[in-house]
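**Student:** For reference, this is structure-v4.pdb, and it has PDB, C-alpha atoms and all ligand atoms.
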ATOM      1  CA  MET A   1      92.718 190.009 -21.741
ATOM      2  CA  ASP A   2      88.986 190.668 -22.091
ATOM      3  CA  VAL A   3      88.062 190.555 -18.398
ATOM      4  CA  LEU A   4      84.394 191.411 -18.778
ATOM      5  CA  GLN A   5      83.867 188.445 -21.135
ATOM      6  CA  ARG A   6      83.864 186.166 -18.064
ATOM      7  CA  TYR A   7      80.446 187.603 -17.104
ATOM      8  CA  GLU A   8      78.649 186.874 -20.378
ATOM      9  CA  SER A   9      76.680 184.010 -18.813
ATOM     10  CA  LEU A  10      75.396 186.325 -16.040
ATOM     11  CA  VAL A  11      74.108 189.226 -18.146
ATOM     12  CA  GLU A  12      71.075 188.618 -20.330
ATOM     13  CA  ASP A  13      71.441 191.612 -22.702
ATOM     14  CA  TRP A  14      75.130 191.141 -23.336
ATOM     15  CA  SER A  15      75.545 193.512 -26.295
ATOM     16  CA  ALA A  16      73.784 196.354 -24.423
ATOM     17  CA  PHE A  17      76.050 195.693 -21.407
ATOM     18  CA  ARG A  18      79.197 195.830 -23.573
ATOM     19  CA  ALA A  19      78.037 198.982 -25.382
ATOM     20  CA  ALA A  20      77.245 200.747 -22.082
ATOM     21  CA  CYS A  21      80.679 199.828 -20.667
ATOM     22  CA  ARG A  22      82.277 201.675 -23.615
ATOM     23  CA  ARG A  23      80.297 204.917 -23.098
ATOM     24  CA  PRO A  24      81.849 207.570 -20.815
ATOM     25  CA  LEU A  25      79.864 208.665 -17.759
ATOM     26  CA  PRO A  26      78.742 212.269 -17.194
ATOM     27  CA  SER A  27      80.043 214.160 -14.133
ATOM     28  CA  VAL A  28      77.594 213.888 -11.252
ATOM     29  CA  VAL A  29      77.190 215.870  -8.029
ATOM     30  CA  ARG A  30      75.201 215.208  -4.861
ATOM     31  CA  VAL A  31      73.636 218.213  -3.148
ATOM     32  CA  ASN A  32      74.842 218.464   0.442
ATOM     33  CA  THR A  33      71.635 219.116   2.380
ATOM     34  CA  LEU A  34      73.637 219.909   5.551
ATOM     35  CA  LYS A  35      74.557 223.236   3.938
ATOM     36  CA  THR A  36      71.845 224.043   1.420
ATOM     37  CA  THR A  37      68.651 222.864  -0.240
ATOM     38  CA  VAL A  38      68.332 221.229  -3.630
ATOM     39  CA  GLU A  39      66.540 224.329  -4.972
ATOM     40  CA  ARG A  40      69.281 226.731  -3.782
ATOM     41  CA  ALA A  41      71.978 224.474  -5.219
ATOM     42  CA  LYS A  42      70.213 224.442  -8.605
ATOM     43  CA  GLU A  43      69.892 228.253  -8.521
ATOM     44  CA  ALA A  44      73.609 228.542  -7.721
ATOM     45  CA  LEU A  45      74.499 226.319 -10.681
ATOM     46  CA  GLN A  46      72.264 228.407 -12.945
ATOM     47  CA  ALA A  47      73.919 231.601 -11.661
ATOM     48  CA  GLU A  48      77.319 230.081 -12.561
ATOM     49  CA  GLY A  49      76.019 229.177 -16.037
ATOM     50  CA  ILE A  50      76.471 225.445 -15.357
ATOM     51  CA  ALA A  51      73.927 223.176 -17.032
ATOM     52  CA  TYR A  52      72.545 220.280 -14.969
ATOM     53  CA  GLU A  53      70.170 217.390 -15.524
ATOM     54  CA  GLU A  54      68.091 215.691 -12.856
ATOM     55  CA  VAL A  55      68.049 211.915 -12.312
ATOM     56  CA  LYS A  56      64.751 210.121 -11.805
ATOM     57  CA  TRP A  57      65.346 208.367  -8.492
ATOM     58  CA  HIS A  58      67.036 211.014  -6.308
ATOM     59  CA  ASP A  59      66.238 214.739  -6.334
ATOM     60  CA  GLY A  60      69.610 215.638  -4.765
ATOM     61  CA  ILE A  61      71.707 214.094  -7.543
ATOM     62  CA  LEU A  62      72.462 216.209 -10.609
ATOM     63  CA  GLN A  63      74.353 215.334 -13.768
ATOM     64  CA  LEU A  64      76.643 218.070 -15.118
ATOM     65  CA  PRO A  65      76.992 217.245 -18.821
ATOM     66  CA  ASP A  66      79.522 220.024 -19.563
ATOM     67  CA  ALA A  67      81.377 220.647 -16.278
ATOM     68  CA  ASN A  68      83.765 219.081 -13.773
ATOM     69  CA  PRO A  69      82.152 218.588 -10.360
ATOM     70  CA  GLY A  70      84.917 220.367  -8.422
ATOM     71  CA  SER A  71      85.395 223.503 -10.489
ATOM     72  CA  ASN A  72      82.616 225.804  -9.337
ATOM     73  CA  TRP A  73      81.647 228.061  -6.455
ATOM     74  CA  PRO A  74      78.816 225.890  -5.011
ATOM     75  CA  TYR A  75      81.293 222.981  -4.756
ATOM     76  CA  VAL A  76      83.925 225.054  -2.930
ATOM     77  CA  GLN A  77      81.241 226.273  -0.516
ATOM     78  CA  GLY A  78      80.337 222.676   0.333
ATOM     79  CA  TRP A  79      76.936 222.738  -1.311
ATOM     80  CA  LEU A  80      77.898 220.008  -3.790
ATOM     81  CA  HIS A  81      79.991 216.859  -3.696
ATOM     82  CA  GLY A  82      81.220 214.969  -6.759
ATOM     83  CA  GLN A  83      79.940 211.411  -6.452
ATOM     84  CA  GLU A  84      79.088 208.836  -9.090
ATOM     85  CA  GLU A  85      75.322 208.328  -9.291
ATOM     86  CA  VAL A  86      75.333 204.630  -8.476
ATOM     87  CA  SER A  87      77.674 205.207  -5.539
ATOM     88  CA  ALA A  88      74.851 207.044  -3.745
ATOM     89  CA  LEU A  89      72.928 203.764  -3.398
ATOM     90  CA  PRO A  90      74.501 202.195  -0.263
ATOM     91  CA  PRO A  91      73.647 205.039   2.175
ATOM     92  CA  VAL A  92      70.100 205.115   0.772
ATOM     93  CA  VAL A  93      69.839 201.350   1.356
ATOM     94  CA  LEU A  94      71.355 201.667   4.852
ATOM     95  CA  ASP A  95      68.778 204.396   5.619
ATOM     96  CA  PRO A  96      70.093 205.617   9.001
ATOM     97  CA  ASP A  97      68.081 207.912  11.278
ATOM     98  CA  PRO A  98      69.328 211.071  13.001
ATOM     99  CA  GLY A  99      70.835 210.001  16.345
ATOM    100  CA  ASP A 100      71.985 206.548  15.165
ATOM    101  CA  ARG A 101      75.539 205.265  15.593
ATOM    102  CA  VAL A 102      77.012 204.076  12.297
ATOM    103  CA  TRP A 103      80.333 202.457  11.457
ATOM    104  CA  ASP A 104      81.638 203.222   7.951
ATOM    105  CA  ALA A 105      84.239 200.458   7.798
ATOM    106  CA  THR A 106      86.105 201.435   4.606
ATOM    107  CA  ALA A 107      85.241 205.079   4.416
ATOM    108  CA  ALA A 108      87.823 207.140   2.517
ATOM    109  CA  PRO A 109      87.567 209.522   0.721
ATOM    110  CA  GLY A 110      84.206 209.919   2.417
ATOM    111  CA  SER A 111      81.547 210.262  -0.288
ATOM    112  CA  LYS A 112      79.272 207.850   1.525
ATOM    113  CA  THR A 113      80.323 209.005   5.006
ATOM    114  CA  THR A 114      79.224 212.540   4.189
ATOM    115  CA  GLN A 115      76.039 211.285   2.522
ATOM    116  CA  LEU A 116      75.261 209.258   5.667
ATOM    117  CA  ALA A 117      75.857 212.380   7.776
ATOM    118  CA  ALA A 118      73.371 214.313   5.645
ATOM    119  CA  LEU A 119      70.780 211.534   6.001
ATOM    120  CA  MET A 120      71.353 211.716   9.787
ATOM    121  CA  ASP A 121      71.055 215.558   9.864
ATOM    122  CA  ASP A 122      74.582 215.508  11.350
ATOM    123  CA  GLU A 123      73.156 213.972  14.564
ATOM    124  CA  GLY A 124      74.301 210.798  16.342
ATOM    125  CA  GLN A 125      77.746 209.459  15.482
ATOM    126  CA  ILE A 126      79.584 208.101  12.459
ATOM    127  CA  VAL A 127      82.871 206.298  12.997
ATOM    128  CA  ALA A 128      84.752 206.416   9.694
ATOM    129  CA  THR A 129      87.596 203.899   9.356
ATOM    130  CA  ASP A 130      90.181 203.383   6.637
ATOM    131  CA  ASN A 131      93.613 201.754   6.623
ATOM    132  CA  ASN A 132      95.015 204.354   4.208
ATOM    133  CA  LEU A 133      96.160 207.539   5.946
ATOM    134  CA  GLY A 134      96.449 209.582   2.734
ATOM    135  CA  ARG A 135      92.891 208.750   1.753
ATOM    136  CA  LEU A 136      91.748 209.604   5.304
ATOM    137  CA  SER A 137      93.165 213.132   4.811
ATOM    138  CA  ALA A 138      90.885 213.477   1.794
ATOM    139  CA  LEU A 139      87.975 212.237   3.937
ATOM    140  CA  ARG A 140      88.728 214.819   6.632
ATOM    141  CA  SER A 141      88.919 217.605   4.088
ATOM    142  CA  ASN A 142      85.647 216.523   2.433
ATOM    143  CA  ALA A 143      83.913 216.287   5.831
ATOM    144  CA  GLU A 144      85.141 219.774   6.747
ATOM    145  CA  ARG A 145      84.070 221.328   3.425
ATOM    146  CA  LEU A 146      80.652 219.689   3.689
ATOM    147  CA  GLY A 147      80.147 220.732   7.341
ATOM    148  CA  VAL A 148      79.979 217.231   8.872
ATOM    149  CA  THR A 149      80.596 217.268  12.639
ATOM    150  CA  ASN A 150      79.106 213.977  13.913
ATOM    151  CA  LEU A 151      82.273 212.164  12.873
ATOM    152  CA  ALA A 152      85.105 210.229  14.530
ATOM    153  CA  VAL A 153      87.904 208.922  12.293
ATOM    154  CA  THR A 154      90.041 205.832  12.901
ATOM    155  CA  ASN A 155      93.080 204.702  10.906
ATOM    156  CA  GLU A 156      93.197 200.917  11.284
ATOM    157  CA  ASP A 157      92.562 197.659   9.487
ATOM    158  CA  ALA A 158      88.778 197.305   9.601
ATOM    159  CA  ARG A 159      89.162 193.570  10.238
ATOM    160  CA  ASN A 160      90.554 194.440  13.671
ATOM    161  CA  HIS A 161      88.319 197.446  14.393
ATOM    162  CA  SER A 162      88.444 198.231  18.081
ATOM    163  CA  LEU A 163      85.377 199.317  20.042
ATOM    164  CA  LYS A 164      87.571 200.333  23.012
ATOM    165  CA  PRO A 165      87.647 204.075  22.159
ATOM    166  CA  PHE A 166      83.832 203.929  22.043
ATOM    167  CA  ASP A 167      83.296 202.214  25.428
ATOM    168  CA  GLY A 168      82.614 198.914  23.696
ATOM    169  CA  GLU A 169      79.283 200.203  22.403
ATOM    170  CA  HIS A 170      77.954 198.358  19.359
ATOM    171  CA  TYR A 171      76.631 200.206  16.306
ATOM    172  CA  ASP A 172      73.070 200.510  15.036
ATOM    173  CA  HIS A 173      74.343 200.098  11.477
ATOM    174  CA  ALA A 174      77.516 199.410   9.549
ATOM    175  CA  LEU A 175      78.492 200.081   5.954
ATOM    176  CA  VAL A 176      81.121 197.980   4.183
ATOM    177  CA  ASP A 177      81.765 199.723   0.861
ATOM    178  CA  ALA A 178      84.527 197.272   0.229
ATOM    179  CA  PRO A 179      87.856 197.655  -1.539
ATOM    180  CA  CYS A 180      87.394 195.669  -4.750
ATOM    181  CA  SER A 181      88.633 195.018  -8.278
ATOM    182  CA  CYS A 182      86.555 198.011  -9.495
ATOM    183  CA  GLU A 183      85.317 196.375 -12.714
ATOM    184  CA  GLY A 184      82.141 198.466 -12.578
ATOM    185  CA  THR A 185      84.122 201.726 -12.802
ATOM    186  CA  ILE A 186      85.276 201.008 -16.366
ATOM    187  CA  ARG A 187      83.158 203.858 -17.763
ATOM    188  CA  LYS A 188      84.898 206.364 -15.495
ATOM    189  CA  ASN A 189      88.385 204.780 -15.651
ATOM    190  CA  PRO A 190      88.826 202.916 -18.958
ATOM    191  CA  ASP A 191      92.269 201.661 -17.752
ATOM    192  CA  THR A 192      90.846 200.027 -14.654
ATOM    193  CA  LEU A 193      91.012 196.451 -15.969
ATOM    194  CA  GLU A 194      94.610 196.664 -17.194
ATOM    195  CA  GLU A 195      95.938 195.433 -13.846
ATOM    196  CA  TRP A 196      93.156 192.855 -13.319
ATOM    197  CA  SER A 197      94.153 189.338 -12.215
ATOM    198  CA  LEU A 198      92.273 186.435 -10.690
ATOM    199  CA  ASP A 199      94.884 186.350  -7.908
ATOM    200  CA  HIS A 200      93.981 189.932  -7.011
ATOM    201  CA  VAL A 201      90.266 189.089  -7.014
ATOM    202  CA  THR A 202      90.869 186.097  -4.753
ATOM    203  CA  GLY A 203      93.137 188.067  -2.423
ATOM    204  CA  ILE A 204      90.794 190.994  -2.060
ATOM    205  CA  ALA A 205      87.855 188.636  -1.478
ATOM    206  CA  GLY A 206      89.688 187.388   1.623
ATOM    207  CA  ALA A 207      89.925 190.947   2.971
ATOM    208  CA  GLN A 208      86.272 191.629   2.107
ATOM    209  CA  LYS A 209      85.173 188.579   4.098
ATOM    210  CA  GLY A 210      87.171 189.674   7.143
ATOM    211  CA  ILE A 211      85.819 193.226   7.018
ATOM    212  CA  LEU A 212      82.194 192.108   6.582
ATOM    213  CA  ARG A 213      82.537 189.639   9.464
ATOM    214  CA  ARG A 214      83.883 192.403  11.756
ATOM    215  CA  ALA A 215      81.054 194.724  10.670
ATOM    216  CA  ILE A 216      78.495 192.098  11.687
ATOM    217  CA  GLU A 217      80.290 191.464  15.005
ATOM    218  CA  VAL A 218      80.225 195.148  16.010
ATOM    219  CA  THR A 219      76.589 195.781  15.033
ATOM    220  CA  ARG A 220      73.980 195.433  17.786
ATOM    221  CA  PRO A 221      71.271 192.745  17.659
ATOM    222  CA  GLY A 222      68.503 194.058  15.407
ATOM    223  CA  GLY A 223      70.950 196.375  13.607
ATOM    224  CA  THR A 224      71.753 196.283   9.902
ATOM    225  CA  VAL A 225      74.853 196.032   7.727
ATOM    226  CA  VAL A 226      75.089 197.086   4.073
ATOM    227  CA  TYR A 227      77.708 195.430   1.873
ATOM    228  CA  SER A 228      78.603 197.019  -1.463
ATOM    229  CA  THR A 229      81.241 196.872  -4.188
ATOM    230  CA  CYS A 230      81.739 198.494  -7.568
ATOM    231  CA  THR A 231      82.610 195.200  -9.229
ATOM    232  CA  PHE A 232      80.901 192.320 -11.041
ATOM    233  CA  ALA A 233      83.029 189.383  -9.798
ATOM    234  CA  PRO A 234      80.840 186.938  -7.836
ATOM    235  CA  GLU A 235      83.977 185.989  -5.855
ATOM    236  CA  GLU A 236      83.827 189.518  -4.326
ATOM    237  CA  ASN A 237      80.057 189.721  -4.070
ATOM    238  CA  GLU A 238      77.818 186.685  -3.550
ATOM    239  CA  ALA A 239      80.712 184.496  -2.315
ATOM    240  CA  VAL A 240      81.469 187.090   0.387
ATOM    241  CA  LEU A 241      77.814 187.154   1.448
ATOM    242  CA  ASP A 242      77.719 183.335   1.425
ATOM    243  CA  PHE A 243      80.737 183.325   3.766
ATOM    244  CA  ALA A 244      79.017 185.783   6.141
ATOM    245  CA  LEU A 245      75.813 183.714   6.151
ATOM    246  CA  GLU A 246      77.813 180.600   7.014
ATOM    247  CA  GLU A 247      80.059 182.185   9.658
ATOM    248  CA  THR A 248      77.642 184.525  11.441
ATOM    249  CA  ALA A 249      73.989 184.714  12.441
ATOM    250  CA  ALA A 250      73.292 187.646  10.079
ATOM    251  CA  ARG A 251      70.653 187.163   7.403
ATOM    252  CA  LEU A 252      70.014 188.934   4.115
ATOM    253  CA  VAL A 253      66.941 191.146   3.879
ATOM    254  CA  SER A 254      64.996 192.221   0.792
ATOM    255  CA  VAL A 255      65.425 195.807  -0.333
ATOM    256  CA  ASP A 256      63.439 197.810  -2.898
ATOM    257  CA  LEU A 257      66.147 199.477  -4.928
ATOM    258  CA  PRO A 258      65.251 202.784  -6.627
ATOM    259  CA  LEU A 259      67.259 201.736  -9.720
ATOM    260  CA  GLU A 260      66.756 198.762 -12.023
ATOM    261  CA  SER A 261      68.874 195.782 -11.001
ATOM    262  CA  ARG A 262      69.246 192.017 -11.307
ATOM    263  CA  PRO A 263      69.277 189.568  -8.364
ATOM    264  CA  GLY A 264      72.464 188.140  -6.901
ATOM    265  CA  VAL A 265      73.615 184.908  -8.569
ATOM    266  CA  THR A 266      73.487 181.566  -6.750
ATOM    267  CA  GLU A 267      76.086 179.730  -8.875
ATOM    268  CA  TRP A 268      79.462 180.696 -10.232
ATOM    269  CA  ASP A 269      82.466 178.799 -11.513
ATOM    270  CA  GLY A 270      81.327 175.467 -10.038
ATOM    271  CA  GLU A 271      80.382 176.977  -6.647
ATOM    272  CA  THR A 272      76.855 177.354  -5.315
ATOM    273  CA  PHE A 273      75.796 179.986  -2.804
ATOM    274  CA  ASP A 274      72.990 180.241  -0.254
ATOM    275  CA  THR A 275      69.853 180.996  -2.291
ATOM    276  CA  SER A 276      69.117 184.088  -0.184
ATOM    277  CA  VAL A 277      71.953 185.893  -2.025
ATOM    278  CA  GLU A 278      69.270 186.519  -4.661
ATOM    279  CA  LYS A 279      68.139 189.332  -2.324
ATOM    280  CA  ALA A 280      71.299 191.222  -3.283
ATOM    281  CA  HIS A 281      71.236 193.625  -6.238
ATOM    282  CA  ARG A 282      73.511 193.662  -9.269
ATOM    283  CA  VAL A 283      73.341 197.020 -11.019
ATOM    284  CA  TYR A 284      74.691 196.660 -14.560
ATOM    285  CA  PRO A 285      75.756 199.775 -16.536
ATOM    286  CA  HIS A 286      73.177 199.338 -19.316
ATOM    287  CA  LEU A 287      70.171 199.067 -16.956
ATOM    288  CA  ASN A 288      70.187 202.711 -15.786
ATOM    289  CA  ASP A 289      73.081 204.202 -17.795
ATOM    290  CA  THR A 290      75.333 204.285 -14.695
ATOM    291  CA  GLY A 291      78.494 202.612 -13.444
ATOM    292  CA  GLY A 292      78.291 198.987 -12.286
ATOM    293  CA  PHE A 293      77.531 198.192  -8.650
ATOM    294  CA  PHE A 294      76.579 195.473  -6.165
ATOM    295  CA  VAL A 295      74.650 196.099  -2.954
ATOM    296  CA  ALA A 296      73.104 193.901  -0.261
ATOM    297  CA  LYS A 297      71.610 194.456   3.188
ATOM    298  CA  LEU A 298      71.984 192.115   6.161
ATOM    299  CA  GLU A 299      70.252 192.124   9.527
ATOM    300  CA  VAL A 300      71.840 190.965  12.765
ATOM    301  CA  PRO A 301      69.207 188.894  14.610
ATOM    302  CA  ALA A 302      67.692 190.533  17.724
TER     303      ALA A 302
HETATM  304  C1  LIG A 401      85.730 201.531  -2.328
HETATM  305  S1  LIG A 401      86.832 202.446  -1.372
HETATM  306  C2  LIG A 401      85.744 203.272  -0.251
HETATM  307  C3  LIG A 401      85.053 204.468  -0.849
HETATM  308  C4  LIG A 401      84.292 205.247   0.207
HETATM  309  N1  LIG A 401      83.337 204.404   0.900
HETATM  310  C5  LIG A 401      83.572 206.431  -0.387
HETATM  311  O1  LIG A 401      82.374 206.334  -0.688
HETATM  312  O2  LIG A 401      84.200 207.499  -0.565
HETATM  313  C6  LIG A 401      87.517 201.225  -0.319
HETATM  314  C7  LIG A 401      88.423 201.776   0.790
HETATM  315  O3  LIG A 401      88.803 200.677   1.614
HETATM  316  C8  LIG A 401      90.075 200.968   2.160
HETATM  317  N2  LIG A 401      90.600 199.691   2.688
HETATM  318  C9  LIG A 401      91.156 198.672   2.016
HETATM  319  N3  LIG A 401      91.451 197.657   2.839
HETATM  320  C10 LIG A 401      91.063 198.052   4.090
HETATM  321  C11 LIG A 401      91.111 197.454   5.389
HETATM  322  N4  LIG A 401      91.583 196.217   5.567
HETATM  323  N5  LIG A 401      90.633 198.157   6.446
HETATM  324  C12 LIG A 401      90.143 199.414   6.278
HETATM  325  N6  LIG A 401      90.082 200.031   5.070
HETATM  326  C13 LIG A 401      90.517 199.350   3.992
HETATM  327  C14 LIG A 401      90.815 201.605   1.002
HETATM  328  O4  LIG A 401      91.890 202.377   1.469
HETATM  329  C15 LIG A 401      89.715 202.436   0.340
HETATM  330  O5  LIG A 401      89.762 203.751   0.805
END
Please re-express this file's structure in structure tokens.
Ligand SMILES: C[S@@+](CC[C@H](N)C(=O)[O-])C[C@H]1O[C@@H](n2cnc3c(N)ncnc32)[C@H](O)[C@@H]1O
**Tutor:**
Amino acid sequence: MDVLQRYESLVEDWSAFRAACRRPLPSVVRVNTLKTTVERAKEALQAEGIAYEEVKWHDGILQLPDANPGSNWPYVQGWLHGQEEVSALPPVVLDPDPGDRVWDATAAPGSKTTQLAALMDDEGQIVATDNNLGRLSALRSNAERLGVTNLAVTNEDARNHSLKPFDGEHYDHALVDAPCSCEGTIRKNPDTLEEWSLDHVTGIAGAQKGILRRAIEVTRPGGTVVYSTCTFAPEENEAVLDFALEETAARLVSVDLPLESRPGVTEWDGETFDTSVEKAHRVYPHLNDTGGFFVAKLEVPA
């Protein structure tokens, strides 16, 4: 089954989209500024004889055309973390300050948790939740290697996230980097669509709605929530936002994305969505030569 064909009506340069989806992605690392500077990390890569290329929008993200991200000394020391370029967008959009309290609702294995910690200078608190214990072990090990200490970890279903251990205190921000059908990762995992089914998309959309609703509930008035997926299916993207707009008082806000993107879609498969979903961003692989992604920011009214 040609899953991506269902999105032909959404993507204006269809042949460029299809060609990009067939090209493999280079390895990418993010420099961990809790342990080093971008300049020192580049010098360490040079000393190891590892070639790197800069990306235009983020000076701490480096492509490694000839190397695996995890097979070098700067990685082991916690100076680098392997993270797909487009996956660095949600923390940048969330834009937390040092001292904030942030809930990372679906956090493992912690690429974005540790990026958030770096943006917060390891100050304040991040509560990182995941319902998968094995993946939480990977998060703990990444956090330790990268020197993150402003972290509490909870193993629970994010839809029922409890504020009790945190004295009922609401968060300044929440990130829902949702479990999804992963269509946008096809360049990294060419087999990813082999298990695709509409039933899975519909089922996971139900979980996404519950997690986003809980994220909005536990964020303080005036706080913000970022919702992201690595998939193209509007059922898992705009339809989830439409649900949140209907069920909660949160509203979408406009964001200037540092990468080229297309607006969220307001119609799909006979359904129409609140027109403000156009404030969301669809990042297609051919636009910036990256993986595919979806990201949106909501504000909880003060
Ligand atoms: C896209 S991955 C998160 C990637 C992570 N944010 C990162 O950057 O490393 C989605 C995660 O959601 C978790 N998950 C799925 N359903 C969940 C639920 N109901 N509650 C909490 N976590 C859930 C999965 O175990 C998975 O680790």
**Student:** Check what the PyMOL selection byres (((not hetatm)) within 8 of (chain A and resi 401)) selects in the file above and give those residues as number ranges by chain.
**Tutor:** A: 87, 104-113, 129-132, 135-136, 139, 155-159, 176-180, 207-208, 211, 229-230
**Student:** May I have the residues within 9 Å of range 189-200 of chain A as an MDAnalysis selection string, using all atoms listed in the file and disregarding those fewer than 5 positions away in the same chain?
**Tutor:** chainID A and resid 1:4 21:22 24 181:183 205
**Student:** Can you give me, as a ChimeraX atom specification, the residues this file yields under the PyMOL selection byres (((chain A and resi 276) around 10) and not hetatm)?
**Tutor:** /A:238,241-242,245,251-254,263-266,273-275,277-280
**Student:** Kindly export the residues of the current selection with C-alpha atoms, as a PDB file, in the frame of the given file.
**Tutor:**
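Dumped to part-v9.pdb:
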ATOM      1  CA  GLU A 238      77.818 186.685  -3.550  1.00  0.00           C
ATOM      2  CA  LEU A 241      77.814 187.154   1.448  1.00  0.00           C
ATOM      3  CA  ASP A 242      77.719 183.335   1.425  1.00  0.00           C
ATOM      4  CA  LEU A 245      75.813 183.714   6.151  1.00  0.00           C
ATOM      5  CA  ARG A 251      70.653 187.163   7.403  1.00  0.00           C
ATOM      6  CA  LEU A 252      70.014 188.934   4.115  1.00  0.00           C
ATOM      7  CA  VAL A 253      66.941 191.146   3.879  1.00  0.00           C
ATOM      8  CA  SER A 254      64.996 192.221   0.792  1.00  0.00           C
ATOM      9  CA  PRO A 263      69.277 189.568  -8.364  1.00  0.00           C
ATOM     10  CA  GLY A 264      72.464 188.140  -6.901  1.00  0.00           C
ATOM     11  CA  VAL A 265      73.615 184.908  -8.569  1.00  0.00           C
ATOM     12  CA  THR A 266      73.487 181.566  -6.750  1.00  0.00           C
ATOM     13  CA  PHE A 273      75.796 179.986  -2.804  1.00  0.00           C
ATOM     14  CA  ASP A 274      72.990 180.241  -0.254  1.00  0.00           C
ATOM     15  CA  THR A 275      69.853 180.996  -2.291  1.00  0.00           C
ATOM     16  CA  VAL A 277      71.953 185.893  -2.025  1.00  0.00           C
ATOM     17  CA  GLU A 278      69.270 186.519  -4.661  1.00  0.00           C
ATOM     18  CA  LYS A 279      68.139 189.332  -2.324  1.00  0.00           C
ATOM     19  CA  ALA A 280      71.299 191.222  -3.283  1.00  0.00           C
TER      20      ALA A 280
END
**Student:** Choose the residue, out of A:Val102, A:Glu85, A:His281, A:Ser71, that has the smallest atom-to-atom separation from Lys56 in chain A; count all atoms listed in the file.
**Tutor:**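 The closest residue to Lys56 in chain A is A:Glu85.
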**Student:** In Å, rounded to a single decimal, give me how far CA of Val225 in chain A is from CA of Leu175 in chain A.
**Tutor:**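 About the pair CA of Leu175 in chain A and CA of Val225 in chain A: they are 5.7 Å apart.
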**Student:** Could you spell out the hits of the PyMOL selection byres (((chain A and resi 235) around 9) and not hetatm) on the shown file, as a ChimeraX atom specification?
**Tutor:** /A:201-202,205,232-234,236-240,268
**Student:** Work out how far CA of Ala19 in chain A is from CA of Arg187 in chain A, in Å to one decimal.
**Tutor:**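 Calculated distance between CA of Arg187 in chain A and CA of Ala19 in chain A is 10.4 Å.
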**Student:** Could you work out how far CA of Ser15 in chain A lies from CA of Trp57 in chain A, giving the answer in Å with one decimal?
**Tutor:**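 Separation of CA of Trp57 in chain A and CA of Ser15 in chain A: 25.3 Å.
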**Student:** I'd like to know which of A:Arg18, A:Arg220, A:Arg282, A:Arg40 is closest to Trp79 in chain A, using all atoms listed in the file.
**Tutor:** A:Arg40
**Student:** Please provide as a list in words all residues within 6 Å of Thr219 in chain A, with the sequence filter that same-chain residues fewer than 5 positions apart are discarded (counting all atoms listed in the file).
**Tutor:**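 Returned residues: His170, Tyr171 and Asp172 of chain A.
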